[in-house]
$ cat my_file.cif   # mmCIF, N, CA and C atoms
data_my_file
loop_
_atom_site.label_atom_id
_atom_site.label_comp_id
_atom_site.auth_asym_id
_atom_site.auth_seq_id
_atom_site.Cartn_x
_atom_site.Cartn_y
_atom_site.Cartn_z
N GLN A 259 19.97 128.23 52.44
CA GLN A 259 20.51 129.10 53.48
C GLN A 259 20.51 128.40 54.83
N VAL A 260 21.45 128.75 55.64
CA VAL A 260 21.60 128.20 56.98
C VAL A 260 21.71 129.35 57.95
N GLN A 261 21.02 129.25 59.06
CA GLN A 261 21.14 130.22 60.13
C GLN A 261 21.75 129.53 61.35
N LEU A 262 22.70 130.21 61.97
CA LEU A 262 23.40 129.68 63.13
C LEU A 262 23.27 130.67 64.28
N VAL A 263 22.89 130.15 65.45
CA VAL A 263 22.73 131.01 66.62
C VAL A 263 23.48 130.38 67.79
N GLU A 264 24.47 131.12 68.29
CA GLU A 264 25.26 130.64 69.41
C GLU A 264 24.66 131.09 70.74
N SER A 265 24.94 130.32 71.77
CA SER A 265 24.56 130.70 73.13
C SER A 265 25.49 130.00 74.09
N GLY A 266 25.46 130.45 75.34
CA GLY A 266 26.22 129.78 76.39
C GLY A 266 27.48 130.48 76.86
N GLY A 267 27.82 131.59 76.22
CA GLY A 267 29.00 132.31 76.67
C GLY A 267 28.78 132.98 78.01
N GLY A 268 29.85 133.54 78.55
CA GLY A 268 29.74 134.23 79.81
C GLY A 268 31.07 134.45 80.46
N LEU A 269 31.03 134.80 81.73
CA LEU A 269 32.22 135.06 82.53
C LEU A 269 32.44 133.89 83.48
N VAL A 270 33.66 133.40 83.49
CA VAL A 270 33.99 132.26 84.34
C VAL A 270 35.40 132.43 84.88
N GLN A 271 35.66 131.88 86.04
CA GLN A 271 37.00 131.94 86.59
C GLN A 271 37.90 130.89 85.94
N ALA A 272 39.18 131.15 85.97
CA ALA A 272 40.14 130.19 85.43
C ALA A 272 39.95 128.84 86.13
N GLY A 273 40.01 127.78 85.32
CA GLY A 273 39.76 126.44 85.84
C GLY A 273 38.32 125.99 85.73
N GLY A 274 37.44 126.92 85.42
CA GLY A 274 36.03 126.60 85.32
C GLY A 274 35.64 126.04 83.97
N SER A 275 34.35 125.86 83.78
CA SER A 275 33.82 125.24 82.56
C SER A 275 32.67 126.06 82.00
N LEU A 276 32.49 125.96 80.70
CA LEU A 276 31.34 126.52 80.01
C LEU A 276 30.97 125.57 78.88
N ARG A 277 29.70 125.60 78.51
CA ARG A 277 29.24 124.82 77.38
C ARG A 277 28.55 125.74 76.38
N LEU A 278 29.11 125.83 75.20
CA LEU A 278 28.53 126.63 74.14
C LEU A 278 27.62 125.76 73.28
N SER A 279 26.56 126.38 72.78
CA SER A 279 25.65 125.70 71.86
C SER A 279 25.51 126.51 70.59
N CYS A 280 25.35 125.81 69.49
CA CYS A 280 25.11 126.44 68.19
C CYS A 280 23.90 125.76 67.57
N ALA A 281 22.80 126.48 67.52
CA ALA A 281 21.58 125.94 66.94
C ALA A 281 21.52 126.30 65.46
N ALA A 282 21.37 125.28 64.64
CA ALA A 282 21.32 125.48 63.19
C ALA A 282 19.90 125.31 62.68
N SER A 283 19.54 126.14 61.73
CA SER A 283 18.23 126.01 61.09
C SER A 283 18.38 126.30 59.60
N GLY A 284 17.40 125.88 58.83
CA GLY A 284 17.48 126.05 57.38
C GLY A 284 17.96 124.76 56.73
N SER A 285 18.79 124.88 55.74
CA SER A 285 19.26 123.72 54.96
C SER A 285 20.42 123.03 55.68
N ILE A 286 20.15 122.55 56.88
CA ILE A 286 21.23 122.03 57.72
C ILE A 286 21.81 120.73 57.18
N PHE A 287 21.03 119.96 56.40
CA PHE A 287 21.53 118.69 55.92
C PHE A 287 22.54 118.87 54.79
N SER A 288 22.72 120.10 54.34
CA SER A 288 23.74 120.38 53.33
C SER A 288 25.10 120.64 53.95
N LEU A 289 25.14 120.78 55.25
CA LEU A 289 26.40 121.12 55.93
C LEU A 289 27.32 119.91 56.01
N ASN A 290 28.54 120.08 55.54
CA ASN A 290 29.54 119.02 55.61
C ASN A 290 30.36 119.10 56.89
N VAL A 291 30.63 120.31 57.30
CA VAL A 291 31.46 120.54 58.48
C VAL A 291 30.84 121.66 59.30
N MET A 292 30.89 121.48 60.59
CA MET A 292 30.54 122.57 61.50
C MET A 292 31.68 122.73 62.49
N GLY A 293 31.92 123.96 62.86
CA GLY A 293 33.04 124.19 63.74
C GLY A 293 32.87 125.41 64.62
N TRP A 294 33.76 125.51 65.57
CA TRP A 294 33.85 126.67 66.45
C TRP A 294 35.16 127.39 66.19
N TYR A 295 35.08 128.67 66.04
CA TYR A 295 36.22 129.54 65.88
C TYR A 295 36.18 130.57 67.01
N ARG A 296 37.31 131.21 67.24
CA ARG A 296 37.34 132.28 68.23
C ARG A 296 38.24 133.40 67.76
N GLN A 297 37.95 134.58 68.26
CA GLN A 297 38.74 135.75 67.93
C GLN A 297 38.92 136.60 69.17
N ALA A 298 40.16 136.71 69.59
CA ALA A 298 40.51 137.55 70.73
C ALA A 298 40.84 138.95 70.22
N PRO A 299 40.74 139.96 71.07
CA PRO A 299 41.04 141.33 70.65
C PRO A 299 42.44 141.44 70.05
N GLY A 300 42.53 142.03 68.88
CA GLY A 300 43.82 142.24 68.24
C GLY A 300 44.41 141.01 67.58
N LYS A 301 43.66 139.92 67.57
CA LYS A 301 44.17 138.68 66.98
C LYS A 301 43.26 138.20 65.84
N GLN A 302 43.82 137.34 65.01
CA GLN A 302 43.03 136.77 63.92
C GLN A 302 42.07 135.70 64.45
N ARG A 303 41.00 135.51 63.70
CA ARG A 303 40.07 134.44 64.05
C ARG A 303 40.76 133.10 63.83
N GLU A 304 40.59 132.17 64.75
CA GLU A 304 41.26 130.89 64.65
C GLU A 304 40.29 129.74 64.90
N LEU A 305 40.60 128.61 64.27
CA LEU A 305 39.79 127.41 64.48
C LEU A 305 40.04 126.87 65.88
N VAL A 306 38.96 126.52 66.56
CA VAL A 306 39.04 125.88 67.86
C VAL A 306 38.79 124.38 67.73
N ALA A 307 37.68 124.04 67.09
CA ALA A 307 37.31 122.63 66.93
C ALA A 307 36.32 122.50 65.79
N ALA A 308 36.30 121.34 65.15
CA ALA A 308 35.38 121.12 64.05
C ALA A 308 34.91 119.67 64.07
N ILE A 309 33.72 119.46 63.50
CA ILE A 309 33.16 118.12 63.40
C ILE A 309 32.54 117.97 62.02
N THR A 310 32.83 116.83 61.37
CA THR A 310 32.30 116.61 60.04
C THR A 310 30.94 115.91 60.11
N SER A 311 30.29 115.81 58.98
CA SER A 311 28.99 115.13 58.95
C SER A 311 29.13 113.65 59.32
N GLY A 312 30.34 113.11 59.13
CA GLY A 312 30.60 111.73 59.51
C GLY A 312 31.00 111.54 60.95
N GLY A 313 31.17 112.65 61.64
CA GLY A 313 31.50 112.58 63.06
C GLY A 313 32.97 112.73 63.41
N SER A 314 33.81 112.90 62.41
CA SER A 314 35.23 113.11 62.69
C SER A 314 35.43 114.49 63.29
N THR A 315 36.38 114.56 64.22
CA THR A 315 36.63 115.82 64.90
C THR A 315 38.11 116.20 64.81
N ASN A 316 38.37 117.49 64.91
CA ASN A 316 39.74 117.95 65.05
C ASN A 316 39.74 119.19 65.93
N TYR A 317 40.88 119.41 66.58
CA TYR A 317 41.00 120.46 67.58
C TYR A 317 42.29 121.24 67.39
N ALA A 318 42.27 122.48 67.78
CA ALA A 318 43.49 123.26 67.87
C ALA A 318 44.34 122.66 68.99
N ASP A 319 45.65 122.71 68.80
CA ASP A 319 46.54 122.14 69.82
C ASP A 319 46.32 122.78 71.19
N SER A 320 45.99 124.05 71.18
CA SER A 320 45.86 124.78 72.44
C SER A 320 44.66 124.33 73.28
N VAL A 321 43.72 123.60 72.68
CA VAL A 321 42.53 123.20 73.43
C VAL A 321 42.39 121.69 73.56
N LYS A 322 43.29 120.95 72.94
CA LYS A 322 43.20 119.48 73.01
C LYS A 322 43.25 119.01 74.46
N GLY A 323 42.35 118.09 74.78
CA GLY A 323 42.28 117.57 76.14
C GLY A 323 41.44 118.41 77.07
N ARG A 324 41.06 119.61 76.65
CA ARG A 324 40.24 120.49 77.50
C ARG A 324 38.86 120.74 76.89
N PHE A 325 38.79 120.84 75.57
CA PHE A 325 37.54 121.14 74.88
C PHE A 325 37.05 119.89 74.14
N THR A 326 35.73 119.78 74.04
CA THR A 326 35.13 118.68 73.29
C THR A 326 33.99 119.21 72.43
N ILE A 327 34.04 118.91 71.15
CA ILE A 327 32.96 119.29 70.23
C ILE A 327 32.05 118.08 70.03
N SER A 328 30.77 118.33 69.99
CA SER A 328 29.81 117.23 69.79
C SER A 328 28.55 117.81 69.15
N ARG A 329 27.62 116.95 68.83
CA ARG A 329 26.37 117.41 68.24
C ARG A 329 25.24 116.48 68.68
N ASN A 330 24.02 116.95 68.54
CA ASN A 330 22.90 116.09 68.87
C ASN A 330 22.59 115.16 67.70
N ASN A 331 21.77 114.15 67.95
CA ASN A 331 21.51 113.13 66.93
C ASN A 331 20.85 113.72 65.69
N ALA A 332 20.06 114.73 65.87
CA ALA A 332 19.38 115.35 64.72
C ALA A 332 20.31 116.27 63.94
N LYS A 333 21.52 116.45 64.45
CA LYS A 333 22.52 117.31 63.80
C LYS A 333 22.03 118.75 63.67
N THR A 334 21.15 119.16 64.57
CA THR A 334 20.67 120.53 64.53
C THR A 334 21.40 121.44 65.49
N THR A 335 22.15 120.85 66.41
CA THR A 335 22.86 121.64 67.41
C THR A 335 24.27 121.07 67.59
N VAL A 336 25.22 121.97 67.61
CA VAL A 336 26.61 121.59 67.87
C VAL A 336 27.01 122.23 69.21
N PHE A 337 27.72 121.46 70.00
CA PHE A 337 28.13 121.92 71.32
C PHE A 337 29.66 122.02 71.40
N LEU A 338 30.10 122.89 72.27
CA LEU A 338 31.52 122.96 72.61
C LEU A 338 31.61 122.97 74.13
N GLN A 339 32.02 121.85 74.68
CA GLN A 339 32.24 121.75 76.12
C GLN A 339 33.67 122.21 76.41
N MET A 340 33.78 123.24 77.23
CA MET A 340 35.09 123.82 77.52
C MET A 340 35.38 123.65 79.00
N ASN A 341 36.41 122.87 79.30
CA ASN A 341 36.83 122.62 80.68
C ASN A 341 38.22 123.21 80.92
N SER A 342 38.57 123.34 82.17
CA SER A 342 39.89 123.86 82.56
C SER A 342 40.21 125.15 81.81
N LEU A 343 39.27 126.05 81.80
CA LEU A 343 39.43 127.28 81.03
C LEU A 343 40.58 128.13 81.57
N LYS A 344 41.24 128.81 80.65
CA LYS A 344 42.38 129.66 80.96
C LYS A 344 42.06 131.08 80.51
N PRO A 345 42.71 132.07 81.11
CA PRO A 345 42.49 133.45 80.66
C PRO A 345 42.73 133.63 79.16
N GLU A 346 43.66 132.89 78.61
CA GLU A 346 43.95 133.01 77.18
C GLU A 346 42.85 132.43 76.29
N ASP A 347 41.86 131.79 76.88
CA ASP A 347 40.70 131.34 76.12
C ASP A 347 39.68 132.45 75.92
N THR A 348 39.90 133.58 76.54
CA THR A 348 39.00 134.72 76.40
C THR A 348 38.92 135.17 74.95
N ALA A 349 37.72 135.22 74.41
CA ALA A 349 37.52 135.59 73.01
C ALA A 349 36.03 135.59 72.71
N VAL A 350 35.71 136.08 71.52
CA VAL A 350 34.36 135.88 70.99
C VAL A 350 34.40 134.55 70.23
N TYR A 351 33.48 133.68 70.54
CA TYR A 351 33.43 132.36 69.92
C TYR A 351 32.32 132.35 68.87
N TYR A 352 32.68 131.90 67.68
CA TYR A 352 31.76 131.88 66.55
C TYR A 352 31.53 130.44 66.07
N CYS A 353 30.31 130.17 65.69
CA CYS A 353 29.96 128.91 65.07
C CYS A 353 30.00 129.09 63.55
N ARG A 354 30.51 128.11 62.87
CA ARG A 354 30.62 128.16 61.40
C ARG A 354 30.11 126.87 60.79
N GLY A 355 29.38 126.99 59.70
CA GLY A 355 28.93 125.84 58.94
C GLY A 355 29.41 125.96 57.50
N ASP A 356 29.68 124.81 56.88
CA ASP A 356 30.25 124.78 55.53
C ASP A 356 29.53 123.70 54.73
N ASP A 357 28.95 124.08 53.58
CA ASP A 357 28.27 123.08 52.75
C ASP A 357 29.09 122.73 51.51
N GLY A 358 30.33 123.16 51.48
CA GLY A 358 31.20 122.88 50.35
C GLY A 358 31.23 123.99 49.32
N LEU A 359 30.19 124.82 49.31
CA LEU A 359 30.15 125.97 48.40
C LEU A 359 30.16 127.27 49.18
N PHE A 360 29.42 127.30 50.25
CA PHE A 360 29.29 128.52 51.05
C PHE A 360 29.64 128.23 52.50
N GLU A 361 29.96 129.29 53.20
CA GLU A 361 30.17 129.18 54.63
C GLU A 361 29.17 130.09 55.33
N PHE A 362 28.76 129.69 56.49
CA PHE A 362 27.76 130.41 57.27
C PHE A 362 28.32 130.64 58.67
N TRP A 363 28.05 131.81 59.21
CA TRP A 363 28.58 132.18 60.52
C TRP A 363 27.46 132.63 61.43
N GLY A 364 27.62 132.33 62.71
CA GLY A 364 26.74 132.88 63.71
C GLY A 364 27.22 134.26 64.12
N GLN A 365 26.50 134.86 65.05
CA GLN A 365 26.81 136.23 65.46
C GLN A 365 27.90 136.29 66.53
N GLY A 366 28.22 135.17 67.13
CA GLY A 366 29.27 135.11 68.13
C GLY A 366 28.75 135.22 69.55
N THR A 367 29.50 134.63 70.47
CA THR A 367 29.16 134.72 71.89
C THR A 367 30.46 134.94 72.66
N GLN A 368 30.42 135.87 73.60
CA GLN A 368 31.62 136.26 74.34
C GLN A 368 31.90 135.27 75.46
N VAL A 369 33.15 134.85 75.52
CA VAL A 369 33.65 134.04 76.64
C VAL A 369 34.77 134.81 77.31
N THR A 370 34.65 135.05 78.59
CA THR A 370 35.66 135.77 79.35
C THR A 370 36.08 134.91 80.52
N VAL A 371 37.38 134.65 80.60
CA VAL A 371 37.93 133.84 81.68
C VAL A 371 38.80 134.74 82.55
N SER A 372 38.43 134.87 83.80
CA SER A 372 39.19 135.73 84.71
C SER A 372 40.24 134.91 85.45
N SER A 373 41.34 135.58 85.75
CA SER A 373 42.45 134.88 86.44
C SER A 373 42.30 134.96 87.95
#

$ encode --input "my_file.cif" --output "structure tokens"
Amino acid sequence: QVQLVESGGGLVQAGGSLRLSCAASGSIFSLNVMGWYRQAPGKQRELVAAITSGGSTNYADSVKGRFTISRNNAKTTVFLQMNSLKPEDTAVYYCRGDDGLFEFWGQGTQVTVSS
């Protein structure tokens, strides 16, 4: 089992920055991929960014050049640095882990970007 806990959300003005953290505990070395997803009101949950156990990353087109996913050396925490935030980035942001058989989700953290 893996437990994921997000933190770092909040209210920020357009153009500002936030850094989200996802602390993983449990069988973390079984995780192949960790990622950030978001869900805005009335919309489907969508992938924002992901990082593999080998360090490869991918991003949604809408956040390329503005967001950066990274992790600490112990691979216990995944970060999402969000710069140049836009009102359309407003959503609940979720951390997800995947061990190839199961997926694990955090409880989510709210990000609100005011115009």

$ residues_around --input "my_file.cif" --residues "stretch 275-280 of chain A" --least-positions-apart "2" --cutoff "6 Å" --atoms "all atoms listed in the file" --output "number ranges by chain"
A: 262-267, 273, 282, 334-343

$ select_by_dssp --input "my_file.cif" --residues "chain A" --states "strand (DSSP E)" --output "MDAnalysis selection string"
chainID A and resid 260:265 268:271 276:284 291:297 304:310 315:317 325:329 335:340 349:356 361:363 367:372

$ resolve_selection --input "my_file.cif" --expression "the PyMOL selection byres ((chain A and resi 306-320) around 6)" --output "short mmCIF file (atom, residue, chain, number, x, y, z; two decimals) with N, CA and C atoms, keeping the file's coordinate frame"
data_model
loop_
_atom_site.label_atom_id
_atom_site.label_comp_id
_atom_site.auth_asym_id
_atom_site.auth_seq_id
_atom_site.Cartn_x
_atom_site.Cartn_y
_atom_site.Cartn_z
N LEU A 289 25.14 120.78 55.25
CA LEU A 289 26.40 121.12 55.93
C LEU A 289 27.32 119.91 56.01
N ASN A 290 28.54 120.08 55.54
CA ASN A 290 29.54 119.02 55.61
C ASN A 290 30.36 119.10 56.89
N VAL A 291 30.63 120.31 57.30
CA VAL A 291 31.46 120.54 58.48
C VAL A 291 30.84 121.66 59.30
N MET A 292 30.89 121.48 60.59
CA MET A 292 30.54 122.57 61.50
C MET A 292 31.68 122.73 62.49
N GLY A 293 31.92 123.96 62.86
CA GLY A 293 33.04 124.19 63.74
C GLY A 293 32.87 125.41 64.62
N TRP A 294 33.76 125.51 65.57
CA TRP A 294 33.85 126.67 66.45
C TRP A 294 35.16 127.39 66.19
N TYR A 295 35.08 128.67 66.04
CA TYR A 295 36.22 129.54 65.88
C TYR A 295 36.18 130.57 67.01
N ARG A 296 37.31 131.21 67.24
CA ARG A 296 37.34 132.28 68.23
C ARG A 296 38.24 133.40 67.76
N GLU A 304 40.59 132.17 64.75
CA GLU A 304 41.26 130.89 64.65
C GLU A 304 40.29 129.74 64.90
N LEU A 305 40.60 128.61 64.27
CA LEU A 305 39.79 127.41 64.48
C LEU A 305 40.04 126.87 65.88
N VAL A 321 43.72 123.60 72.68
CA VAL A 321 42.53 123.20 73.43
C VAL A 321 42.39 121.69 73.56
N LYS A 322 43.29 120.95 72.94
CA LYS A 322 43.20 119.48 73.01
C LYS A 322 43.25 119.01 74.46
#

$ atom_distance --input "my_file.cif" --atom1 "atom C of A:Gly364" --atom2 "atom N of A:Thr348"
17.8 Å

$ resolve_selection --input "my_file.cif" --expression "the PyMOL selection byres ((chain A and resi 366) around 6)" --output "PyMOL selection string"
chain A and resi 264+350-353+364-365+367-368

$ atom_distance --input "my_file.cif" --atom1 "atom CA of A:Ala298" --atom2 "atom N of A:Pro345"
11.9 Å

$ resolve_selection --input "my_file.cif" --expression "the PyMOL selection byres ((chain A and resi 260) around 6)" --output "compact mmCIF listing (two decimals) with N, CA and C atoms, in the frame of the given file"
# COMPACT_ATOMS: atom_id res chain seq x y z
N GLN A 259 19.97 128.23 52.44
CA GLN A 259 20.51 129.10 53.48
C GLN A 259 20.51 128.40 54.83
N GLN A 261 21.02 129.25 59.06
CA GLN A 261 21.14 130.22 60.13
C GLN A 261 21.75 129.53 61.35
N LEU A 262 22.70 130.21 61.97
CA LEU A 262 23.40 129.68 63.13
C LEU A 262 23.27 130.67 64.28
N SER A 283 19.54 126.14 61.73
CA SER A 283 18.23 126.01 61.09
C SER A 283 18.38 126.30 59.60
N GLY A 284 17.40 125.88 58.83
CA GLY A 284 17.48 126.05 57.38
C GLY A 284 17.96 124.76 56.73
N SER A 285 18.79 124.88 55.74
CA SER A 285 19.26 123.72 54.96
C SER A 285 20.42 123.03 55.68
N ILE A 286 20.15 122.55 56.88
CA ILE A 286 21.23 122.03 57.72
C ILE A 286 21.81 120.73 57.18

$ atom_distance --input "my_file.cif" --atom1 "atom CA of A:Ser373" --atom2 "atom CA of A:Ala272"
5.3 Å

$ closest_residue --input "my_file.cif" --among "A:Phe325, A:Ala281, A:Ser288, A:Pro299" --to "A:Lys344" --atoms "only C-alpha atoms"
A:Phe325

$ closest_residue --input "my_file.cif" --among "A:Ala349, A:Asp356, A:Thr370, A:Phe362" --to "A:Lys301" --atoms "only C-alpha atoms"
A:Ala349

$ select_by_dssp --input "my_file.cif" --residues "chain A" --states "helix (DSSP H, G or I)" --output "list in words"
Ile286, Phe287, Ser288, Asp319, Ser320, Val321, Pro345, Glu346 and Asp347 of chain A

$ decode --input "my_file.cif" --residues "stretch 261-272 of chain A" --atoms "all heavy atoms" --output "tab-separated table (two decimals), in the first residue's frame"
chain	number	residue	atom	x	y	z
A	261	GLN	N	0.55	5.55	0.58
A	261	GLN	CA	-0.23	6.70	1.01
A	261	GLN	C	0.40	7.95	0.42
A	261	GLN	O	1.63	8.11	0.45
A	261	GLN	CB	-0.27	6.80	2.54
A	261	GLN	CG	-0.98	5.65	3.22
A	261	GLN	CD	-0.12	4.38	3.31
A	261	GLN	OE1	1.05	4.45	3.62
A	261	GLN	NE2	-0.73	3.23	3.00
A	262	LEU	N	-0.44	8.82	-0.09
A	262	LEU	CA	0.00	10.07	-0.72
A	262	LEU	C	-0.70	11.23	-0.05
A	262	LEU	O	-1.93	11.22	0.09
A	262	LEU	CB	-0.31	10.06	-2.21
A	262	LEU	CG	0.28	8.90	-3.02
A	262	LEU	CD1	-0.26	8.94	-4.45
A	262	LEU	CD2	1.79	8.94	-3.02
A	263	VAL	N	0.08	12.24	0.34
A	263	VAL	CA	-0.48	13.42	0.99
A	263	VAL	C	0.04	14.66	0.30
A	263	VAL	O	1.24	14.91	0.26
A	263	VAL	CB	-0.12	13.46	2.49
A	263	VAL	CG1	-0.71	14.71	3.13
A	263	VAL	CG2	-0.64	12.20	3.20
A	264	GLU	N	-0.90	15.43	-0.27
A	264	GLU	CA	-0.53	16.66	-0.96
A	264	GLU	C	-0.55	17.85	-0.01
A	264	GLU	O	-1.29	17.86	0.98
A	264	GLU	CB	-1.49	16.96	-2.11
A	264	GLU	CG	-1.62	15.87	-3.15
A	264	GLU	CD	-2.86	15.03	-2.94
A	264	GLU	OE1	-3.30	14.93	-1.78
A	264	GLU	OE2	-3.39	14.48	-3.93
A	265	SER	N	0.23	18.85	-0.36
A	265	SER	CA	0.21	20.12	0.38
A	265	SER	C	0.71	21.20	-0.55
A	265	SER	O	1.27	20.93	-1.62
A	265	SER	CB	1.09	20.03	1.63
A	265	SER	OG	2.44	19.77	1.28
A	266	GLY	N	0.49	22.45	-0.15
A	266	GLY	CA	1.03	23.58	-0.89
A	266	GLY	C	0.03	24.37	-1.71
A	266	GLY	O	0.38	25.36	-2.34
A	267	GLY	N	-1.21	23.92	-1.75
A	267	GLY	CA	-2.20	24.67	-2.51
A	267	GLY	C	-2.55	25.99	-1.83
A	267	GLY	O	-2.11	26.26	-0.71
A	268	GLY	N	-3.33	26.79	-2.52
A	268	GLY	CA	-3.75	28.05	-1.94
A	268	GLY	C	-4.30	28.99	-2.98
A	268	GLY	O	-4.61	28.59	-4.11
A	269	LEU	N	-4.41	30.25	-2.59
A	269	LEU	CA	-4.92	31.31	-3.44
A	269	LEU	C	-3.76	32.18	-3.89
A	269	LEU	O	-2.94	32.62	-3.07
A	269	LEU	CB	-5.95	32.15	-2.68
A	269	LEU	CG	-6.47	33.40	-3.36
A	269	LEU	CD1	-7.24	33.04	-4.63
A	269	LEU	CD2	-7.35	34.20	-2.39
A	270	VAL	N	-3.69	32.43	-5.18
A	270	VAL	CA	-2.61	33.24	-5.73
A	270	VAL	C	-3.14	34.08	-6.87
A	270	VAL	O	-4.11	33.68	-7.54
A	270	VAL	CB	-1.44	32.33	-6.20
A	270	VAL	CG1	-1.87	31.43	-7.34
A	270	VAL	CG2	-0.22	33.14	-6.57
A	271	GLN	N	-2.54	35.22	-7.09
A	271	GLN	CA	-2.94	36.06	-8.21
A	271	GLN	C	-2.35	35.54	-9.52
A	271	GLN	O	-1.31	34.87	-9.53
A	271	GLN	CB	-2.48	37.50	-7.98
A	271	GLN	CG	-3.25	38.23	-6.90
A	271	GLN	CD	-2.89	39.71	-6.83
A	271	GLN	OE1	-1.78	40.10	-7.16
A	271	GLN	NE2	-3.84	40.53	-6.39
A	272	ALA	N	-3.01	35.87	-10.60
A	272	ALA	CA	-2.51	35.49	-11.91
A	272	ALA	C	-1.08	36.01	-12.08
A	272	ALA	O	-0.77	37.14	-11.71
A	272	ALA	CB	-3.41	36.05	-13.01
